[in-house]
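Have a look at structure-v1.cif below; it lists mmCIF, C-alpha atoms.
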```cif
data_start
#
loop_
_atom_site.label_atom_id
_atom_site.label_comp_id
_atom_site.auth_asym_id
_atom_site.auth_seq_id
_atom_site.Cartn_x
_atom_site.Cartn_y
_atom_site.Cartn_z
CA MET A 1 -17.90 -5.58 14.33
CA SER A 2 -17.80 -3.84 10.98
CA GLU A 3 -15.77 -5.02 8.04
CA ASP A 4 -13.56 -1.91 8.41
CA ALA A 5 -12.60 -2.82 11.96
CA VAL A 6 -11.90 -6.41 10.91
CA LEU A 7 -9.39 -5.25 8.26
CA GLU A 8 -7.63 -2.97 10.74
CA CYS A 9 -7.41 -5.70 13.40
CA LEU A 10 -6.21 -8.24 10.84
CA HIS A 11 -3.51 -5.83 9.64
CA ILE A 12 -2.29 -5.11 13.18
CA GLU A 13 -2.11 -8.82 13.97
CA LEU A 14 -0.32 -9.51 10.69
CA VAL A 15 2.31 -6.87 11.52
CA ASN A 16 2.73 -8.21 15.06
CA TYR A 17 2.98 -11.83 13.88
CA ILE A 18 5.51 -11.17 11.12
CA LEU A 19 7.71 -8.97 13.30
CA SER A 20 7.77 -11.30 16.30
CA ASP A 21 9.44 -14.65 16.71
CA LYS A 22 7.50 -17.80 17.57
CA GLY A 23 7.77 -17.09 21.30
CA GLY A 24 5.85 -13.86 20.93
CA GLN A 25 8.89 -11.67 21.55
CA VAL A 26 9.54 -8.82 19.16
CA LYS A 27 12.52 -9.49 16.88
CA ASN A 28 15.51 -7.19 16.91
CA THR A 29 15.31 -6.90 13.11
CA GLU A 30 12.21 -4.74 12.89
CA ASN A 31 13.71 -2.94 9.90
CA ASP A 32 13.38 -6.10 7.80
CA LEU A 33 9.87 -5.61 6.49
CA SER A 34 10.27 -7.75 3.38
CA ASP A 35 7.84 -10.43 4.63
CA LEU A 36 5.08 -7.86 5.13
CA GLU A 37 5.80 -6.32 1.75
CA TYR A 38 5.71 -9.75 0.08
CA ILE A 39 2.35 -10.64 1.65
CA GLY A 40 1.03 -7.30 0.39
CA PHE A 41 2.52 -8.00 -3.04
CA THR A 42 0.78 -11.37 -3.43
CA THR A 43 -2.47 -9.95 -2.07
CA GLY A 44 -2.41 -6.98 -4.46
CA TYR A 45 -1.58 -9.24 -7.40
CA ARG A 46 -4.69 -11.33 -6.68
CA ILE A 47 -7.08 -8.50 -5.78
CA ILE A 48 -6.40 -6.51 -8.93
CA GLU A 49 -7.17 -9.58 -11.03
CA ARG A 50 -10.68 -9.71 -9.59
CA LEU A 51 -11.24 -5.96 -9.78
CA THR A 52 -10.23 -5.63 -13.43
CA ARG A 53 -11.89 -8.80 -14.71
CA GLU A 54 -14.65 -6.83 -16.46
CA TRP A 55 -12.49 -3.83 -17.44
CA PRO A 56 -10.85 -3.24 -20.83
CA ARG A 57 -7.05 -2.93 -20.83
CA PHE A 58 -5.73 0.43 -19.72
CA LYS A 59 -4.27 2.56 -22.50
CA ASP A 60 -1.24 3.89 -20.59
CA GLU A 61 0.53 4.12 -17.24
CA LEU A 62 -1.29 7.23 -16.12
CA GLU A 63 -4.71 5.68 -16.71
CA THR A 64 -3.59 2.62 -14.74
CA LEU A 65 -2.39 4.75 -11.83
CA LYS A 66 -5.66 6.71 -11.84
CA PHE A 67 -7.50 3.40 -11.52
CA ILE A 68 -5.26 2.45 -8.57
CA CYS A 69 -6.01 5.81 -6.90
CA THR A 70 -9.76 5.57 -7.35
CA ASP A 71 -11.34 2.13 -7.77
CA PHE A 72 -8.58 -0.02 -6.29
CA TRP A 73 -7.97 2.23 -3.28
CA SER A 74 -11.71 2.64 -2.66
CA SER A 75 -12.29 -1.11 -2.71
CA ILE A 76 -9.69 -1.61 0.02
CA TYR A 77 -9.64 1.57 2.09
CA LYS A 78 -13.17 2.89 1.39
CA LYS A 79 -11.83 6.21 0.10
CA GLN A 80 -9.86 7.51 -2.85
CA ILE A 81 -6.26 8.71 -2.78
CA ASP A 82 -6.18 12.41 -1.93
CA ASN A 83 -3.53 13.39 -4.46
CA LEU A 84 -1.70 11.87 -7.44
CA ARG A 85 1.36 13.57 -8.86
CA THR A 86 3.73 12.56 -11.62
CA ASN A 87 6.76 13.94 -13.44
CA HIS A 88 5.65 12.06 -16.61
CA GLN A 89 8.96 10.17 -16.56
CA GLY A 90 7.91 7.13 -14.57
CA VAL A 91 7.71 8.65 -11.09
CA TYR A 92 4.33 8.86 -9.34
CA VAL A 93 3.46 10.03 -5.84
CA LEU A 94 0.18 8.93 -4.26
CA GLN A 95 -0.77 10.88 -1.14
CA ASP A 96 -3.30 9.73 1.44
CA ASN A 97 -3.82 12.44 4.06
CA ALA A 98 -5.63 10.09 6.45
CA PHE A 99 -4.05 6.69 5.79
CA ARG A 100 -6.21 4.12 7.48
CA PHE A 101 -3.48 2.01 9.08
CA LEU A 102 -1.88 5.11 10.66
CA MET A 103 -5.09 6.66 12.00
CA LYS A 104 -5.02 4.80 15.32
CA ILE A 105 -1.39 5.69 16.07
CA SER A 106 -0.70 8.82 18.11
CA THR A 107 0.38 11.83 16.06
CA GLY A 108 3.47 12.57 18.16
CA THR A 109 6.78 12.62 16.34
CA GLN A 110 8.14 9.91 18.66
CA TYR A 111 5.78 7.46 16.92
CA LEU A 112 7.06 8.17 13.40
CA GLU A 113 9.68 5.42 13.79
CA HIS A 114 6.86 2.85 14.00
CA ALA A 115 5.18 4.00 10.78
CA PRO A 116 7.21 1.86 8.31
CA LYS A 117 5.86 -1.40 9.68
CA TYR A 118 2.29 -0.20 9.12
CA VAL A 119 2.84 0.91 5.51
CA ALA A 120 5.02 -1.96 4.23
CA PHE A 121 2.01 -4.17 3.45
CA THR A 122 0.43 -1.41 1.37
CA CYS A 123 3.68 -0.81 -0.55
CA GLY A 124 3.53 -4.46 -1.55
CA LEU A 125 -0.17 -4.20 -2.34
CA ILE A 126 0.49 -1.39 -4.81
CA ARG A 127 3.55 -3.09 -6.34
CA GLY A 128 1.71 -6.41 -6.81
CA SER A 129 -1.33 -4.80 -8.38
CA LEU A 130 0.79 -2.77 -10.79
CA LEU A 131 2.85 -5.79 -11.82
CA ASN A 132 -0.31 -7.73 -12.64
CA LEU A 133 -1.35 -4.79 -14.82
CA GLY A 134 1.99 -4.88 -16.67
CA ILE A 135 3.89 -2.18 -14.76
CA ASN A 136 7.05 -3.31 -13.00
CA SER A 137 7.80 -0.81 -10.26
CA THR A 138 9.46 -0.04 -6.97
CA VAL A 139 7.17 1.33 -4.25
CA THR A 140 8.34 3.12 -1.12
CA ALA A 141 6.44 5.02 1.53
CA GLU A 142 7.18 8.29 3.28
CA VAL A 143 5.52 9.37 6.52
CA GLN A 144 6.47 12.85 7.68
CA ALA A 145 3.44 13.54 9.87
CA MET A 146 0.80 11.13 11.10
CA PRO A 147 -1.59 10.00 9.64
CA SER A 148 -0.52 11.30 6.23
CA CYS A 149 1.44 8.98 3.95
CA LYS A 150 3.02 9.37 0.52
CA PHE A 151 3.64 6.32 -1.64
CA HIS A 152 6.42 6.86 -4.18
CA ILE A 153 6.20 4.68 -7.28
CA GLN A 154 9.22 4.40 -9.57
CA VAL A 155 8.39 2.56 -12.78
CA ASN A 156 11.21 0.21 -13.74
CA ARG A 157 11.73 0.52 -17.47
CA THR A 158 13.52 -2.49 -18.90
#
```

Give the structure from the file, written as structure tokens.
Amino acid sequence: MSEDAVLECLHIELVNYILSDKGGQVKNTENDLSDLEYIGFTTGYRIIERLTREWPRFKDELETLKFICTDFWSSIYKKQIDNLRTNHQGVYVLQDNAFRFLMKISTGTQYLEHAPKYVAFTCGLIRGSLLNLGINSTVTAEVQAMPSCKFHIQVNRT
């Protein structure tokens, strides 16, 4: 079994475990994805530390986000982000046209309601990595058509 398949299986089991109670039954509160997001957050915080150990500090937000879209994304998903957009006021949109954790889900619109549980971990992954690099942010995901996903990053300026 390849390392890619292991990550996908691990992610599916993580989602199933977090969203089910101890008896194996699915909880009624599937909209509460904060546990998945938090696991992603702590994972991203740790991974980025290892990836940037040999790198000099990034000069600005945009350079940091470009690193997330290329090196960071490639190290996890084996491909770069397809598109990065910004309004230069602290809002960034990362688009992955073939998001790995949505690839195995049918493309029918009836399955769109299941998408949030498969992108919550990655929202946390992005948020944790950015916080470790000095950027406090809010990350949300938007899935309009499978398997494409947009991650919206709002930088929290305080």

**Request:** Fewer than 2 positions away in the same chain doesn't count, so skip those; otherwise give me all residues within 10 Å of A:Val119, counting all atoms listed in the file, as an NGL selection string.
**Result:** :A and (15 or 33 or 36-37 or 40 or 99-102 or 114-117 or 121-125 or 140-143 or 149-151)

Go ahead and write the residues just picked, C-alpha atoms, as a PDB file, in the frame of the given file.
```
ATOM      1  CA  VAL A  15       2.310  -6.870  11.520  1.00  0.00           C
ATOM      2  CA  LEU A  33       9.870  -5.610   6.490  1.00  0.00           C
ATOM      3  CA  LEU A  36       5.080  -7.860   5.130  1.00  0.00           C
ATOM      4  CA  GLU A  37       5.800  -6.320   1.750  1.00  0.00           C
ATOM      5  CA  GLY A  40       1.030  -7.300   0.390  1.00  0.00           C
ATOM      6  CA  PHE A  99      -4.050   6.690   5.790  1.00  0.00           C
ATOM      7  CA  ARG A 100      -6.210   4.120   7.480  1.00  0.00           C
ATOM      8  CA  PHE A 101      -3.480   2.010   9.080  1.00  0.00           C
ATOM      9  CA  LEU A 102      -1.880   5.110  10.660  1.00  0.00           C
ATOM     10  CA  HIS A 114       6.860   2.850  14.000  1.00  0.00           C
ATOM     11  CA  ALA A 115       5.180   4.000  10.780  1.00  0.00           C
ATOM     12  CA  PRO A 116       7.210   1.860   8.310  1.00  0.00           C
ATOM     13  CA  LYS A 117       5.860  -1.400   9.680  1.00  0.00           C
ATOM     14  CA  PHE A 121       2.010  -4.170   3.450  1.00  0.00           C
ATOM     15  CA  THR A 122       0.430  -1.410   1.370  1.00  0.00           C
ATOM     16  CA  CYS A 123       3.680  -0.810  -0.550  1.00  0.00           C
ATOM     17  CA  GLY A 124       3.530  -4.460  -1.550  1.00  0.00           C
ATOM     18  CA  LEU A 125      -0.170  -4.200  -2.340  1.00  0.00           C
ATOM     19  CA  THR A 140       8.340   3.120  -1.120  1.00  0.00           C
ATOM     20  CA  ALA A 141       6.440   5.020   1.530  1.00  0.00           C
ATOM     21  CA  GLU A 142       7.180   8.290   3.280  1.00  0.00           C
ATOM     22  CA  VAL A 143       5.520   9.370   6.520  1.00  0.00           C
ATOM     23  CA  CYS A 149       1.440   8.980   3.950  1.00  0.00           C
ATOM     24  CA  LYS A 150       3.020   9.370   0.520  1.00  0.00           C
ATOM     25  CA  PHE A 151       3.640   6.320  -1.640  1.00  0.00           C
TER      26      PHE A 151
END
```

Using only C-alpha atoms, give me every residue within 12 Å of (8.6, -0.7, -13.0) in file coordinates, as an mmCIF file with C-alpha atoms, in the coordinates of the input.
```
data_model
loop_
_atom_site.group_PDB
_atom_site.id
_atom_site.type_symbol
_atom_site.label_atom_id
_atom_site.label_comp_id
_atom_site.auth_asym_id
_atom_site.auth_seq_id
_atom_site.Cartn_x
_atom_site.Cartn_y
_atom_site.Cartn_z
ATOM 1 C CA GLU A 61 0.530 4.120 -17.240
ATOM 2 C CA GLN A 89 8.960 10.170 -16.560
ATOM 3 C CA GLY A 90 7.910 7.130 -14.570
ATOM 4 C CA VAL A 91 7.710 8.650 -11.090
ATOM 5 C CA TYR A 92 4.330 8.860 -9.340
ATOM 6 C CA ILE A 126 0.490 -1.390 -4.810
ATOM 7 C CA ARG A 127 3.550 -3.090 -6.340
ATOM 8 C CA GLY A 128 1.710 -6.410 -6.810
ATOM 9 C CA SER A 129 -1.330 -4.800 -8.380
ATOM 10 C CA LEU A 130 0.790 -2.770 -10.790
ATOM 11 C CA LEU A 131 2.850 -5.790 -11.820
ATOM 12 C CA ASN A 132 -0.310 -7.730 -12.640
ATOM 13 C CA LEU A 133 -1.350 -4.790 -14.820
ATOM 14 C CA GLY A 134 1.990 -4.880 -16.670
ATOM 15 C CA ILE A 135 3.890 -2.180 -14.760
ATOM 16 C CA ASN A 136 7.050 -3.310 -13.000
ATOM 17 C CA SER A 137 7.800 -0.810 -10.260
ATOM 18 C CA THR A 138 9.460 -0.040 -6.970
ATOM 19 C CA VAL A 139 7.170 1.330 -4.250
ATOM 20 C CA HIS A 152 6.420 6.860 -4.180
ATOM 21 C CA ILE A 153 6.200 4.680 -7.280
ATOM 22 C CA GLN A 154 9.220 4.400 -9.570
ATOM 23 C CA VAL A 155 8.390 2.560 -12.780
ATOM 24 C CA ASN A 156 11.210 0.210 -13.740
ATOM 25 C CA ARG A 157 11.730 0.520 -17.470
ATOM 26 C CA THR A 158 13.520 -2.490 -18.900
#
```

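Distances here use all atoms listed in the file; by that measure, the residue among A:Thr42, A:Ala145, A:Trp73, A:Tyr118 closest to A:Glu13 is A:Tyr118.
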
Pairwise distance, atom CA of A:Ser74 with atom CA of A:Ile105, equals 21.6 Å

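Proximity ranking of A:Leu84, A:Leu62, A:Ile47, A:Ala120 relative to A:Ile18 places A:Ala120 first, based on all atoms listed in the file.
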
Add whatever atoms are absent from stretch 122-146 of chain A to reach N, CA and C atoms, and provide the output as a PDB file, keeping the file's coordinate frame.
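Dumped to rebuild11.pdb:
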```pdb
ATOM      1  N   THR A 122       1.065  -2.176   2.448  1.00  0.00           N
ATOM      2  CA  THR A 122       0.430  -1.410   1.370  1.00  0.00           C
ATOM      3  C   THR A 122       1.403  -1.139   0.231  1.00  0.00           C
ATOM      4  N   CYS A 123       2.680  -0.953   0.522  1.00  0.00           N
ATOM      5  CA  CYS A 123       3.680  -0.810  -0.550  1.00  0.00           C
ATOM      6  C   CYS A 123       3.659  -2.054  -1.426  1.00  0.00           C
ATOM      7  N   GLY A 124       3.619  -3.215  -0.800  1.00  0.00           N
ATOM      8  CA  GLY A 124       3.530  -4.460  -1.550  1.00  0.00           C
ATOM      9  C   GLY A 124       2.234  -4.594  -2.301  1.00  0.00           C
ATOM     10  N   LEU A 125       1.146  -4.156  -1.693  1.00  0.00           N
ATOM     11  CA  LEU A 125      -0.170  -4.200  -2.340  1.00  0.00           C
ATOM     12  C   LEU A 125      -0.154  -3.415  -3.648  1.00  0.00           C
ATOM     13  N   ILE A 126       0.414  -2.232  -3.611  1.00  0.00           N
ATOM     14  CA  ILE A 126       0.490  -1.390  -4.810  1.00  0.00           C
ATOM     15  C   ILE A 126       1.407  -2.036  -5.853  1.00  0.00           C
ATOM     16  N   ARG A 127       2.572  -2.494  -5.410  1.00  0.00           N
ATOM     17  CA  ARG A 127       3.550  -3.090  -6.340  1.00  0.00           C
ATOM     18  C   ARG A 127       2.977  -4.337  -7.017  1.00  0.00           C
ATOM     19  N   GLY A 128       2.301  -5.193  -6.251  1.00  0.00           N
ATOM     20  CA  GLY A 128       1.710  -6.410  -6.810  1.00  0.00           C
ATOM     21  C   GLY A 128       0.598  -6.108  -7.803  1.00  0.00           C
ATOM     22  N   SER A 129      -0.240  -5.134  -7.474  1.00  0.00           N
ATOM     23  CA  SER A 129      -1.330  -4.800  -8.380  1.00  0.00           C
ATOM     24  C   SER A 129      -0.799  -4.206  -9.683  1.00  0.00           C
ATOM     25  N   LEU A 130       0.214  -3.359  -9.580  1.00  0.00           N
ATOM     26  CA  LEU A 130       0.790  -2.770 -10.790  1.00  0.00           C
ATOM     27  C   LEU A 130       1.475  -3.813 -11.658  1.00  0.00           C
ATOM     28  N   LEU A 131       2.179  -4.758 -11.030  1.00  0.00           N
ATOM     29  CA  LEU A 131       2.850  -5.790 -11.820  1.00  0.00           C
ATOM     30  C   LEU A 131       1.832  -6.634 -12.583  1.00  0.00           C
ATOM     31  N   ASN A 132       0.726  -6.954 -11.961  1.00  0.00           N
ATOM     32  CA  ASN A 132      -0.310  -7.730 -12.640  1.00  0.00           C
ATOM     33  C   ASN A 132      -0.907  -6.947 -13.804  1.00  0.00           C
ATOM     34  N   LEU A 133      -0.848  -5.624 -13.725  1.00  0.00           N
ATOM     35  CA  LEU A 133      -1.350  -4.790 -14.820  1.00  0.00           C
ATOM     36  C   LEU A 133      -0.249  -4.428 -15.820  1.00  0.00           C
ATOM     37  N   GLY A 134       0.915  -5.063 -15.687  1.00  0.00           N
ATOM     38  CA  GLY A 134       1.990  -4.880 -16.670  1.00  0.00           C
ATOM     39  C   GLY A 134       2.975  -3.785 -16.352  1.00  0.00           C
ATOM     40  N   ILE A 135       2.969  -3.260 -15.125  1.00  0.00           N
ATOM     41  CA  ILE A 135       3.890  -2.180 -14.760  1.00  0.00           C
ATOM     42  C   ILE A 135       4.804  -2.673 -13.645  1.00  0.00           C
ATOM     43  N   ASN A 136       6.057  -2.902 -13.995  1.00  0.00           N
ATOM     44  CA  ASN A 136       7.050  -3.310 -13.000  1.00  0.00           C
ATOM     45  C   ASN A 136       7.540  -2.051 -12.301  1.00  0.00           C
ATOM     46  N   SER A 137       7.478  -2.033 -10.980  1.00  0.00           N
ATOM     47  CA  SER A 137       7.800  -0.810 -10.260  1.00  0.00           C
ATOM     48  C   SER A 137       8.443  -1.093  -8.913  1.00  0.00           C
ATOM     49  N   THR A 138       8.967  -0.030  -8.334  1.00  0.00           N
ATOM     50  CA  THR A 138       9.460  -0.040  -6.970  1.00  0.00           C
ATOM     51  C   THR A 138       8.591   0.937  -6.187  1.00  0.00           C
ATOM     52  N   VAL A 139       8.072   0.486  -5.036  1.00  0.00           N
ATOM     53  CA  VAL A 139       7.170   1.330  -4.250  1.00  0.00           C
ATOM     54  C   VAL A 139       7.770   1.525  -2.867  1.00  0.00           C
ATOM     55  N   THR A 140       7.886   2.787  -2.470  1.00  0.00           N
ATOM     56  CA  THR A 140       8.340   3.120  -1.120  1.00  0.00           C
ATOM     57  C   THR A 140       7.327   4.067  -0.492  1.00  0.00           C
ATOM     58  N   ALA A 141       7.374   4.149   0.820  1.00  0.00           N
ATOM     59  CA  ALA A 141       6.440   5.020   1.530  1.00  0.00           C
ATOM     60  C   ALA A 141       7.210   6.050   2.339  1.00  0.00           C
ATOM     61  N   GLU A 142       6.590   7.203   2.494  1.00  0.00           N
ATOM     62  CA  GLU A 142       7.180   8.290   3.280  1.00  0.00           C
ATOM     63  C   GLU A 142       6.107   8.806   4.229  1.00  0.00           C
ATOM     64  N   VAL A 143       6.433   8.821   5.510  1.00  0.00           N
ATOM     65  CA  VAL A 143       5.520   9.370   6.520  1.00  0.00           C
ATOM     66  C   VAL A 143       6.270  10.468   7.241  1.00  0.00           C
ATOM     67  N   GLN A 144       5.836  11.711   7.022  1.00  0.00           N
ATOM     68  CA  GLN A 144       6.470  12.850   7.680  1.00  0.00           C
ATOM     69  C   GLN A 144       5.665  13.321   8.873  1.00  0.00           C
ATOM     70  N   ALA A 145       4.338  13.158   8.777  1.00  0.00           N
ATOM     71  CA  ALA A 145       3.440  13.540   9.870  1.00  0.00           C
ATOM     72  C   ALA A 145       2.260  12.585   9.845  1.00  0.00           C
ATOM     73  N   MET A 146       1.922  12.057  10.996  1.00  0.00           N
ATOM     74  CA  MET A 146       0.800  11.130  11.100  1.00  0.00           C
ATOM     75  C   MET A 146      -0.506  11.870  10.867  1.00  0.00           C
TER      76      MET A 146
END
```
